[in-house]
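Here the structure comes first, spelled out in structure tokens, and everything after it is commentary.
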Amino acid sequence: MKHRSPIRWSTLLALGLSMARMPGLEAQLAITEVHSNQSTNGTPAIHADWFEVTHYGSAPFDLRGWRLNDSNGGTANGAVTLGALTLSPGESVVFVQDLDAAAFRSWWGPSLPASLQIVTYSASGIGLSSTGDGLRLWNAAAGPESTPQISVDFGAAGTNGATFIPDPRTGLLTERTVAASPGAFAAADGGDLGSPGAAGPSIALSILVPPADRTVNPGDGTIFTLEAAGLPRPRYQWLFNGVAIAGQNGPSLSLTNVQAAASGLYSVALDNGLQTLTSPPARLSIAAAPTAPRWVQTPADASALEGGSLTLTAAASGVPEPTYQWSFNGKPIAGATAATLGLAAVTQAQSGSYTVTASNGSGSVVHTVTVSVLGRPQIRITEVSSARTTLDPGFIDRVGFAPEDWWEITSFSPAPVSLTGWRFDDNSASLASAITLTDTNLVILPGESIVFVERLTADQFRTWWGASNLPPGLKIVSYTGSGIGLSSGGDGLRLWNATATANTDTIDAVDFPAGDPGISFNVDPDTKVFGKPSALDVNGVVQAVATLEGVKEWGSPGRIRAGDIVRPPTSPRLAAVLAEGALRISLQAEASRTYRLQRRSGADGSWSTVGASQTPTADGPISFTVPLPTEGESAGLFRVEVP
């Protein structure tokens with residue numbers, strides 16, 4: 001719901017305190033479902049944005065002449081005007097963009113109620129954004145600047161094909177449909193999840209957080225707020241000493257330059273057409289006498305990455321209201337006279353001391369913080385496996401779990417980097433919905449790679465890919481989270497450090513197309529370009545050991561090392577000959593790898609190391625000499641272990 005601009009108390013008195021009209025039958029309507037991001041599976045041509053309106057009243061309601069728009073438009077700018085449309089008590093209607101009723105029914109299939117009204121609308125300005133948007137509905141009599149009769153907002157949908165539905169506690173459109181939601185079913189085409197035509201019950205009006213008492217100095221401003229639950233969503237009317245304040249119909253009331261006449265009791269009357277409710281009053285008290293400024297909020301020391309952004313915020317109270325001046329290393333910053341100081345596209349030259357001074361006629365207060373601009377760490381996303389569907393039919397039965405999405409980062413920085421507080425998201429690229437790394441011991445070393453896998457444990461990942469295929473000590477981090485699944489139809493990854501405040505301030509970002517089942521996308525170690533599908537035996541790519549031979553499951557987890565490839569050892573082929581009264585076992589070795597000869601006597605015996613291990617400095621043949629067994633004793637079985 002949009003908030004009105006703050007008003008001065010003198011203006012408030014001039015508006016008069018006549019009781020504004022509270023909503024009637026029109027408030028019995030509610031937007032009960034929104035679908036802003038549909039699956040690209042199936043037949044996308046019959047998928048479209050849609051939303052549902054439900055009538056909770058007890059008498060038929062005529063919607064002819066009503067207008068609808070998204071959060072960016074008003075009653076005239078691209079708004080759609082409805083034709084003849086009547087809702088019976090308890091009935092829901094679905095509004096779908098640029099898609100006729102027959103196509104909508106083909107999309108959602110036989111689970112759709114046969115009697116459901118489906119209304120097609122077409123308007124270039126009403127596209128419901130998958131990154132977050134809103135819907136506004138006005139009645140036929142509403143003027144150009146009128147407050148909407150119905151207003152909802154919803155967040156980013158990400159790549160999730162489920163609809164938004166009301167939170168059963170608050171009535172806000174913040175929940176996502178899941179299989180257990182009342183009335184939920186999967187669309188016949190594409191598998192989207194929703195409940196079109198099956199809205200839940202109304203939610204009783206209640207006050208979750210009432211307005212709180214305030215004491216302010218003369219000339220200061222203040223804000224009263226209220227949080228309410230209910231479906232249909234309530235309309236608000238703020239009251240001063242029990243009398244309505246004209247035009248104040250939002251969940252908050254802002255007052256500026258308050259004087260003695262503003263002291264009194266403030267409350268909110270709520271009405272959703274089914275119930276009315278008035279909040280407990282909050283008292284506004286006005287302090288007396290001029291006072292020197294005192295801090296009520298001060299910024300803390302802060303850091304930002306080079307090229308990123310940073311905001312420092314201070315707030316002081318005093319009579320009269322203080323003014324502000326920011327300084328950098330002791331020198332005033334021209335124009336920096338607001339309570340906040342924003343620094344954008346920062347460079348290391350902006351590291352230093354920042355001081356804010358709050359002043360009025362009675363005195364001043366000073367606060368200084370240190371800002372550090374850090375060099376941007378060279379952490380790259382070097383591999384992504386998004387097409388987790390395996391073509392191996394017996395995989396789950398053999399290992400006890402299913403393959404999952406995984407991805408890898410590699411450090412090209414010369415020093416260790418703590419990943420505590422770092423965040424990542426898919427191509428919705430939203431810090432608000434990103435997953436945060438909370439492990440305080442997670443550090444990536446120079447040249448190190450770390451694998452992140454959805455839902456699986458580190459041991460399950462090693463079982464899947466094989467310990468011999470993974471570098472010793474490979475760090476494997478498991479994660480879970482709503483909306484972060486990497487789509488096999490094409491998706492992306494965004495990586496932020498702990499101090500980023502803007503969605504665009506990423507450490508690295510990659511996008512990738514639809515993939516083949518089991519085959520990852522990786523980075524070329526020479527060009528550093530990401531996006532080519534993995535190819536077996538190229539740049540360290542191996543076959544996952546838990547997958548049947550002949551079924552492609554290719555990747556190189558953990559094998560990027562600052563641009564070089566750490567390849568798994570070549571399986572050695574042993575040759576044994578008699579020489580000088582001993583048994584000589586030889587093989588072709590690779591430089592810098594350690595080889596240990598092991599022997600087992602008898603079919604049920606254990607393996608034991610024979611002699612010293614060898615670590616050649618160059619590729620070539622090496623051999624181990626073993627004494628011949630005594631008469632009647634078997635030489636046993638031999639193998640070479642290569643870590």
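Identifiers in the structure tokens: chain A, B, ... in order shown; residue index from 1 per chain; ligand index from 1 in order shown.
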
Residues within 8 Å of range 159-172 of chain A, please, as JSON, numbers by chain. Count only C-alpha atoms; anything in the same chain fewer than 4 positions from it doesn't count. {"A": [32, 33, 34, 35, 36, 37, 38, 39, 152, 154, 176, 177, 178, 191, 192, 193, 194, 203, 228, 229, 230, 231, 232, 233, 427, 428, 483, 484, 485, 487]}

Would you output that residue set with C-alpha atoms, as a PDB file, in the first residue's frame?
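This went into result-v6.pdb:
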ATOM      1  CA  THR A  32      -6.566 -13.643  -3.244  1.00  0.00           C
ATOM      2  CA  GLU A  33      -4.005 -15.016  -5.714  1.00  0.00           C
ATOM      3  CA  VAL A  34      -1.390 -13.694  -8.152  1.00  0.00           C
ATOM      4  CA  HIS A  35       0.700 -15.579 -10.713  1.00  0.00           C
ATOM      5  CA  SER A  36       3.556 -13.338 -11.893  1.00  0.00           C
ATOM      6  CA  ASN A  37       6.085 -15.909 -13.153  1.00  0.00           C
ATOM      7  CA  GLN A  38       4.917 -19.006 -14.990  1.00  0.00           C
ATOM      8  CA  SER A  39       6.840 -22.110 -15.929  1.00  0.00           C
ATOM      9  CA  VAL A 152      -1.789  -5.485  -2.812  1.00  0.00           C
ATOM     10  CA  PHE A 154       3.967  -9.027  -3.793  1.00  0.00           C
ATOM     11  CA  ARG A 176       3.664 -19.171  -1.979  1.00  0.00           C
ATOM     12  CA  THR A 177       1.384 -22.030  -2.970  1.00  0.00           C
ATOM     13  CA  VAL A 178       2.658 -25.476  -2.006  1.00  0.00           C
ATOM     14  CA  GLY A 191       3.278 -28.069 -13.835  1.00  0.00           C
ATOM     15  CA  ASP A 192       2.679 -24.594 -12.322  1.00  0.00           C
ATOM     16  CA  LEU A 193       1.208 -24.775  -8.818  1.00  0.00           C
ATOM     17  CA  GLY A 194      -1.854 -22.733  -7.796  1.00  0.00           C
ATOM     18  CA  ILE A 203      -9.448 -13.677   8.014  1.00  0.00           C
ATOM     19  CA  ALA A 228      -3.085  -5.144  11.047  1.00  0.00           C
ATOM     20  CA  ALA A 229      -4.259  -8.574   9.935  1.00  0.00           C
ATOM     21  CA  GLY A 230      -7.376  -9.328   7.938  1.00  0.00           C
ATOM     22  CA  LEU A 231      -8.807 -10.598   4.656  1.00  0.00           C
ATOM     23  CA  PRO A 232     -10.242  -8.725   2.877  1.00  0.00           C
ATOM     24  CA  ARG A 233      -7.447  -6.290   3.681  1.00  0.00           C
ATOM     25  CA  ASN A 427      18.995 -15.221 -11.863  1.00  0.00           C
ATOM     26  CA  SER A 428      16.327 -13.376  -9.861  1.00  0.00           C
ATOM     27  CA  GLY A 483      13.503 -20.301  -4.882  1.00  0.00           C
ATOM     28  CA  ILE A 484      17.217 -21.048  -5.336  1.00  0.00           C
ATOM     29  CA  GLY A 485      16.885 -24.202  -7.437  1.00  0.00           C
ATOM     30  CA  SER A 487      16.592 -24.446 -13.624  1.00  0.00           C
TER      31      SER A 487
END

Go through range 231-402 of chain A and collect every residue that DSSP, computed from the backbone, puts in alpha helix (DSSP H); the answer should be as JSON, numbers by chain. {"A": [395, 396, 397, 398, 399]}

How about saving the chosen residues, N, CA and C atoms kept, as a CSV table (one decimal), in the first residue's frame?
chain,number,residue,atom,x,y,z
A,395,PHE,N,20.1,-45.1,-10.2
A,395,PHE,CA,21.0,-44.3,-9.4
A,395,PHE,C,20.5,-44.2,-7.9
A,396,ILE,N,19.2,-43.8,-7.7
A,396,ILE,CA,18.7,-43.6,-6.4
A,396,ILE,C,18.7,-44.9,-5.6
A,397,ASP,N,18.3,-46.0,-6.2
A,397,ASP,CA,18.3,-47.3,-5.5
A,397,ASP,C,19.7,-47.7,-5.0
A,398,ARG,N,20.7,-47.4,-5.9
A,398,ARG,CA,22.1,-47.8,-5.5
A,398,ARG,C,22.7,-47.0,-4.4
A,399,VAL,N,22.5,-45.7,-4.4
A,399,VAL,CA,23.2,-44.8,-3.5
A,399,VAL,C,22.3,-44.2,-2.4

May I have the residues within 10 Å of range 638-642 of chain A as a list in words, using only C-alpha atoms and disregarding those fewer than 2 positions away in the same chain?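 Here the answer would be Ser468, Pro568, Pro569, Thr570, Ser571, Pro572, Arg573, Leu574, Ala576, Ile585, Leu587, Ala589, Arg593, Thr594, Tyr595, Arg596, Leu597, Gln598, Arg599, Arg600, Ser601, Trp607, Ser608, Thr609, Val610, Ser613, Ala635 and Gly636 of chain A.
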
Pick out each residue of range 331-387 of chain A that DSSP on the backbone tags as strand (DSSP E or B); I need them as a PyMOL selection string. chain A and resi 331-332+340-343+352-360+363-374+379-385

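For the pair CA of Ala314 in chain A and CA of Thr504 in chain A, the separation is 25.3 Å.
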
I need the residue nearest Thr147 in chain A from this list: A:Ala344, A:Leu135, A:Arg105, A:Asn249. Use only C-alpha atoms for the distance.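 Selected residue with least distance to Thr147 in chain A: A:Asn249.
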
Surrounding residues of range 66-73 of chain A excluding itself and chain neighbours under 3 positions, 12 Å, only C-alpha atoms, as a compact mmCIF listing (two decimals) with N, CA and C atoms, in the first residue's frame:
# COMPACT_ATOMS: atom_id res chain seq x y z
N MET A 1 0.84 -1.19 0.00
CA MET A 1 0.00 0.00 0.00
C MET A 1 0.87 1.24 0.00
N LYS A 2 0.58 2.20 -0.84
CA LYS A 2 1.39 3.41 -0.92
C LYS A 2 1.09 4.33 0.26
N GLU A 26 -17.71 -2.45 -1.25
CA GLU A 26 -16.54 -2.65 -2.10
C GLU A 26 -15.35 -3.21 -1.33
N ILE A 31 -7.97 -9.34 -3.43
CA ILE A 31 -7.13 -10.05 -4.39
C ILE A 31 -6.53 -11.24 -3.63
N VAL A 34 -2.10 -14.35 -7.05
CA VAL A 34 -1.39 -13.69 -8.15
C VAL A 34 -0.37 -14.67 -8.71
N SER A 36 2.74 -14.31 -11.17
CA SER A 36 3.56 -13.34 -11.89
C SER A 36 4.74 -13.95 -12.62
N ASP A 49 0.39 -14.06 -17.20
CA ASP A 49 0.11 -13.48 -15.89
C ASP A 49 -1.39 -13.55 -15.60
N TRP A 50 -1.73 -13.82 -14.34
CA TRP A 50 -3.14 -13.78 -13.96
C TRP A 50 -3.25 -13.50 -12.47
N PHE A 51 -4.44 -13.01 -12.08
CA PHE A 51 -4.71 -12.82 -10.66
C PHE A 51 -6.18 -13.10 -10.40
N VAL A 53 -9.68 -12.35 -7.94
CA VAL A 53 -10.41 -11.48 -7.03
C VAL A 53 -11.57 -12.28 -6.45
N PHE A 61 -22.25 -8.54 -6.29
CA PHE A 61 -21.50 -7.29 -6.43
C PHE A 61 -21.19 -7.04 -7.90
N ASP A 62 -21.50 -5.82 -8.38
CA ASP A 62 -21.32 -5.44 -9.78
C ASP A 62 -19.98 -4.72 -9.93
N LEU A 63 -19.07 -5.28 -10.77
CA LEU A 63 -17.75 -4.69 -11.00
C LEU A 63 -17.68 -3.88 -12.29
N ALA A 76 -5.69 6.25 -14.93
CA ALA A 76 -5.73 6.59 -16.36
C ALA A 76 -4.55 6.03 -17.14
N ASN A 77 -3.36 5.97 -16.53
CA ASN A 77 -2.14 5.58 -17.22
C ASN A 77 -2.11 4.08 -17.46
N GLY A 78 -2.69 3.64 -18.58
CA GLY A 78 -2.67 2.23 -18.94
C GLY A 78 -3.67 1.38 -18.21
N ALA A 79 -4.58 1.99 -17.43
CA ALA A 79 -5.53 1.20 -16.66
C ALA A 79 -6.53 0.50 -17.58
N VAL A 80 -6.99 -0.68 -17.13
CA VAL A 80 -8.02 -1.45 -17.85
C VAL A 80 -9.36 -1.20 -17.18
N THR A 81 -10.38 -0.90 -17.97
CA THR A 81 -11.73 -0.70 -17.45
C THR A 81 -12.55 -1.95 -17.70
N LEU A 82 -13.21 -2.45 -16.67
CA LEU A 82 -13.97 -3.69 -16.77
C LEU A 82 -15.35 -3.46 -17.36
N GLY A 83 -15.80 -4.42 -18.15
CA GLY A 83 -17.16 -4.41 -18.67
C GLY A 83 -18.10 -5.08 -17.68
N ALA A 84 -19.23 -5.58 -18.19
CA ALA A 84 -20.24 -6.21 -17.34
C ALA A 84 -19.64 -7.41 -16.61
N LEU A 85 -19.69 -7.39 -15.28
CA LEU A 85 -19.14 -8.48 -14.48
C LEU A 85 -19.77 -8.43 -13.10
N THR A 86 -20.45 -9.50 -12.71
CA THR A 86 -21.09 -9.59 -11.40
C THR A 86 -20.56 -10.80 -10.66
N PHE A 95 -8.60 -12.97 -13.61
CA PHE A 95 -8.27 -12.04 -14.68
C PHE A 95 -6.93 -12.49 -15.27
N GLN A 97 -4.02 -12.09 -18.52
CA GLN A 97 -3.55 -11.15 -19.54
C GLN A 97 -3.37 -11.82 -20.89
N TYR A 121 -7.86 -9.62 -20.08
CA TYR A 121 -7.57 -8.20 -20.22
C TYR A 121 -6.32 -8.05 -21.07
N SER A 122 -6.21 -6.93 -21.74
CA SER A 122 -5.06 -6.67 -22.60
C SER A 122 -4.64 -5.23 -22.42
N ALA A 123 -3.41 -5.03 -21.93
CA ALA A 123 -2.90 -3.67 -21.75
C ALA A 123 -1.38 -3.74 -21.69
N SER A 124 -0.71 -2.90 -22.48
CA SER A 124 0.74 -2.97 -22.58
C SER A 124 1.42 -2.58 -21.27
N GLY A 125 0.76 -1.81 -20.43
CA GLY A 125 1.39 -1.33 -19.21
C GLY A 125 1.17 -2.20 -18.00
N ILE A 126 0.43 -3.30 -18.11
CA ILE A 126 0.12 -4.11 -16.94
C ILE A 126 0.78 -5.47 -17.08
N GLY A 127 2.08 -5.49 -17.00
CA GLY A 127 2.79 -6.76 -16.94
C GLY A 127 3.22 -6.98 -15.51
N LEU A 128 2.81 -8.07 -14.90
CA LEU A 128 3.13 -8.32 -13.50
C LEU A 128 4.58 -8.82 -13.41
N SER A 129 5.45 -8.00 -12.86
CA SER A 129 6.88 -8.30 -12.88
C SER A 129 7.22 -9.44 -11.93
N GLY A 132 8.87 -8.54 -8.51
CA GLY A 132 8.09 -7.85 -7.49
C GLY A 132 7.24 -6.76 -8.11
N ASP A 133 5.99 -6.66 -7.69
CA ASP A 133 5.07 -5.71 -8.30
C ASP A 133 3.88 -5.53 -7.36
N GLY A 134 2.80 -4.96 -7.89
CA GLY A 134 1.59 -4.77 -7.12
C GLY A 134 0.39 -4.67 -8.04
N LEU A 135 -0.81 -4.69 -7.45
CA LEU A 135 -2.06 -4.54 -8.19
C LEU A 135 -2.92 -3.52 -7.47
N ARG A 136 -3.62 -2.68 -8.26
CA ARG A 136 -4.50 -1.66 -7.71
C ARG A 136 -5.84 -1.73 -8.44
N LEU A 137 -6.96 -1.66 -7.69
CA LEU A 137 -8.30 -1.64 -8.28
C LEU A 137 -9.06 -0.45 -7.74
N TRP A 138 -9.71 0.30 -8.66
CA TRP A 138 -10.52 1.46 -8.29
C TRP A 138 -11.97 1.21 -8.72
N ASN A 139 -12.92 1.75 -7.94
CA ASN A 139 -14.31 1.62 -8.37
C ASN A 139 -14.62 2.60 -9.49
N ALA A 140 -15.82 2.49 -10.07
CA ALA A 140 -16.17 3.28 -11.26
C ALA A 140 -16.19 4.77 -10.98
N ALA A 141 -16.41 5.18 -9.71
CA ALA A 141 -16.53 6.60 -9.39
C ALA A 141 -15.21 7.24 -9.00
N ALA A 142 -14.13 6.47 -8.93
CA ALA A 142 -12.86 7.00 -8.44
C ALA A 142 -12.29 8.05 -9.39
N GLY A 143 -11.76 9.14 -8.82
CA GLY A 143 -11.13 10.18 -9.61
C GLY A 143 -9.67 9.86 -9.90
N PRO A 144 -8.98 10.75 -10.65
CA PRO A 144 -7.60 10.48 -11.08
C PRO A 144 -6.62 10.27 -9.93
N GLU A 145 -6.81 10.94 -8.79
CA GLU A 145 -5.87 10.83 -7.67
C GLU A 145 -6.44 10.03 -6.52
N SER A 146 -7.47 9.25 -6.79
CA SER A 146 -8.15 8.53 -5.71
C SER A 146 -7.29 7.39 -5.17
N PRO A 148 -6.78 3.64 -4.19
CA PRO A 148 -7.42 2.42 -4.70
C PRO A 148 -8.33 1.78 -3.65
N GLN A 149 -9.43 1.18 -4.13
CA GLN A 149 -10.29 0.44 -3.22
C GLN A 149 -9.62 -0.87 -2.78
N ILE A 150 -8.80 -1.46 -3.66
CA ILE A 150 -8.08 -2.68 -3.34
C ILE A 150 -6.63 -2.48 -3.77
N SER A 151 -5.71 -2.83 -2.88
CA SER A 151 -4.30 -2.63 -3.19
C SER A 151 -3.49 -3.75 -2.55
N VAL A 152 -2.68 -4.45 -3.34
CA VAL A 152 -1.79 -5.48 -2.81
C VAL A 152 -0.42 -5.33 -3.46
N ASP A 153 0.60 -5.78 -2.74
CA ASP A 153 1.95 -5.85 -3.27
C ASP A 153 2.49 -7.25 -3.04
N PHE A 154 3.38 -7.70 -3.93
CA PHE A 154 3.97 -9.03 -3.79
C PHE A 154 5.43 -8.95 -4.19

Residues of range 358-458 of chain A that approach range 281-298 of chain A to 6 Å or less, counting only C-alpha atoms: could you list each one with the shortest pair of atoms and its distance in Å to one decimal, rows by chain and increasing residue number, as a Markdown table?
| residue | atom | partner | partner_atom | distance |
| --- | --- | --- | --- | --- |
| A:Ser362 | CA | A:Ala292 | CA | 4.6 |
| A:Gly363 | CA | A:Ala292 | CA | 5.0 |
| A:Ser364 | CA | A:Pro293 | CA | 5.8 |

Selection file, N, CA and C atoms, as a PDB file, in the first residue's frame:
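Output contents, as saved in result21.pdb:
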ATOM      1  N   SER A 362      21.472  25.694  20.420  1.00  0.00           N
ATOM      2  CA  SER A 362      21.841  25.354  21.793  1.00  0.00           C
ATOM      3  C   SER A 362      23.105  24.518  21.884  1.00  0.00           C
ATOM      4  N   GLY A 363      23.688  24.139  20.747  1.00  0.00           N
ATOM      5  CA  GLY A 363      24.907  23.358  20.820  1.00  0.00           C
ATOM      6  C   GLY A 363      25.066  22.421  19.639  1.00  0.00           C
ATOM      7  N   SER A 364      26.007  21.486  19.736  1.00  0.00           N
ATOM      8  CA  SER A 364      26.266  20.539  18.659  1.00  0.00           C
ATOM      9  C   SER A 364      26.830  19.245  19.240  1.00  0.00           C
TER      10      SER A 364
END

At a cut-off of 12 Å, using only C-alpha atoms, what residues contact Val268 in chain A? Leave out same-chain residues fewer than 2 positions from it and give the result as a PyMOL selection string. chain A and resi 22+206-207+209-212+224-228+234-245+248-253+265-266+270-271+276-282

For the residues selected in the previous step, produce a file with C-alpha atoms as a compact mmCIF listing (two decimals), in the first residue's frame.
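The resulting file, part.txt, is reproduced below:
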# COMPACT_ATOMS: atom_id res chain seq x y z
CA MET A 22 -15.15 4.41 5.34
CA SER A 206 -6.98 -7.91 14.29
CA ILE A 207 -4.25 -5.50 15.30
CA VAL A 209 1.19 -4.03 16.37
CA PRO A 210 -0.74 -0.96 17.65
CA PRO A 211 0.61 2.60 17.36
CA ALA A 212 3.01 3.48 20.20
CA PHE A 224 2.82 6.57 14.00
CA THR A 225 2.50 3.10 12.48
CA LEU A 226 0.11 0.18 12.82
CA GLU A 227 0.25 -3.43 11.59
CA ALA A 228 -3.09 -5.14 11.05
CA PRO A 234 -8.61 -3.39 5.86
CA ARG A 235 -8.94 0.25 4.86
CA TYR A 236 -7.36 2.67 7.34
CA GLN A 237 -8.63 5.95 8.82
CA TRP A 238 -6.43 7.77 11.30
CA LEU A 239 -8.17 9.59 14.15
CA PHE A 240 -7.03 12.49 16.34
CA ASN A 241 -8.81 12.55 19.68
CA GLY A 242 -11.47 10.32 18.11
CA VAL A 243 -12.08 12.51 15.01
CA ALA A 244 -11.01 11.43 11.53
CA ILE A 245 -8.01 13.17 9.91
CA GLN A 248 -4.86 9.89 6.19
CA ASN A 249 -5.80 6.39 5.01
CA GLY A 250 -2.56 4.41 5.12
CA PRO A 251 -0.91 2.16 7.72
CA SER A 252 1.28 5.04 8.91
CA LEU A 253 0.76 8.69 9.82
CA LEU A 265 -4.47 10.73 21.22
CA TYR A 266 -4.00 9.07 17.83
CA LEU A 270 -10.17 -0.29 10.39
CA ASP A 271 -12.93 -1.56 8.10
CA THR A 276 -14.78 -2.72 11.90
CA LEU A 277 -12.11 -2.30 14.55
CA THR A 278 -10.40 0.66 16.24
CA SER A 279 -6.87 0.47 17.63
CA PRO A 280 -5.92 1.47 21.17
CA PRO A 281 -4.89 5.16 21.14
CA ALA A 282 -1.27 6.30 21.23

Selection: 9 Å around range 381-392 of chain A, only C-alpha atoms, excl. self and same-chain fewer than 4 positions, as an MDAnalysis selection string: chainID A and resid 396 402:410 449 451 485:491 493:495 508:510 512 514:524 528:531 547:548 551:553 555:557 560

Nearest to Gly42 in chain A: which of A:Pro60, A:Thr625, A:Ala188, A:Leu116 is it, counting only C-alpha atoms? A:Ala188

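Closest approach to Gly308 in chain A among A:Pro113, A:Gly375, A:Pro629, A:Gly335 is made by A:Gly375 (distances from only C-alpha atoms).
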
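Minimum atom-to-atom distance to Ser58 in chain A, evaluated using only C-alpha atoms, belongs to A:Leu29 out of A:Ile507, A:Ala334, A:Leu29, A:Ala315.
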
Can you list, as a PyMOL selection string, every protein, DNA or RNA residue that comes within 10 Å of Leu112 in chain A when you count only C-alpha atoms, leaving out same-chain residues fewer than 5 positions away? chain A and resi 104-107+185+187-188+195-198

The selected residues should be written to file as a PDB file, in the first residue's frame (atoms: N, CA and C atoms).
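File again.pdb, as written:
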ATOM      1  N   PHE A 104      -6.770 -20.701 -21.049  1.00  0.00           N
ATOM      2  CA  PHE A 104      -6.500 -20.783 -19.616  1.00  0.00           C
ATOM      3  C   PHE A 104      -6.941 -22.143 -19.067  1.00  0.00           C
ATOM      4  N   ARG A 105      -8.094 -22.621 -19.503  1.00  0.00           N
ATOM      5  CA  ARG A 105      -8.575 -23.932 -19.051  1.00  0.00           C
ATOM      6  C   ARG A 105      -7.681 -25.058 -19.577  1.00  0.00           C
ATOM      7  N   SER A 106      -7.171 -24.897 -20.791  1.00  0.00           N
ATOM      8  CA  SER A 106      -6.258 -25.901 -21.326  1.00  0.00           C
ATOM      9  C   SER A 106      -4.978 -25.949 -20.507  1.00  0.00           C
ATOM     10  N   TRP A 107      -4.514 -24.776 -20.048  1.00  0.00           N
ATOM     11  CA  TRP A 107      -3.309 -24.681 -19.220  1.00  0.00           C
ATOM     12  C   TRP A 107      -3.520 -25.395 -17.880  1.00  0.00           C
ATOM     13  N   PHE A 185      -3.438 -27.305  -6.789  1.00  0.00           N
ATOM     14  CA  PHE A 185      -3.235 -28.385  -7.746  1.00  0.00           C
ATOM     15  C   PHE A 185      -2.241 -27.921  -8.800  1.00  0.00           C
ATOM     16  N   ALA A 187      -0.919 -27.339 -12.633  1.00  0.00           N
ATOM     17  CA  ALA A 187      -1.476 -27.087 -13.956  1.00  0.00           C
ATOM     18  C   ALA A 187      -1.234 -28.285 -14.864  1.00  0.00           C
ATOM     19  N   ALA A 188      -2.194 -28.547 -15.733  1.00  0.00           N
ATOM     20  CA  ALA A 188      -2.067 -29.684 -16.651  1.00  0.00           C
ATOM     21  C   ALA A 188      -0.904 -29.486 -17.614  1.00  0.00           C
ATOM     22  N   SER A 195      -4.150 -22.380  -7.132  1.00  0.00           N
ATOM     23  CA  SER A 195      -5.509 -22.788  -6.757  1.00  0.00           C
ATOM     24  C   SER A 195      -6.530 -21.842  -7.376  1.00  0.00           C
ATOM     25  N   PRO A 196      -6.443 -21.563  -8.697  1.00  0.00           N
ATOM     26  CA  PRO A 196      -7.387 -20.612  -9.304  1.00  0.00           C
ATOM     27  C   PRO A 196      -8.823 -21.053  -9.092  1.00  0.00           C
ATOM     28  N   GLY A 197      -9.652 -20.112  -8.596  1.00  0.00           N
ATOM     29  CA  GLY A 197     -11.059 -20.403  -8.362  1.00  0.00           C
ATOM     30  C   GLY A 197     -11.340 -21.029  -7.026  1.00  0.00           C
ATOM     31  N   ALA A 198     -10.313 -21.210  -6.169  1.00  0.00           N
ATOM     32  CA  ALA A 198     -10.513 -21.857  -4.870  1.00  0.00           C
ATOM     33  C   ALA A 198      -9.853 -21.013  -3.788  1.00  0.00           C
TER      34      ALA A 198
END

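Interatomic distance, CA of Thr340 in chain A against CA of Leu312 in chain A: 5.5 Å.
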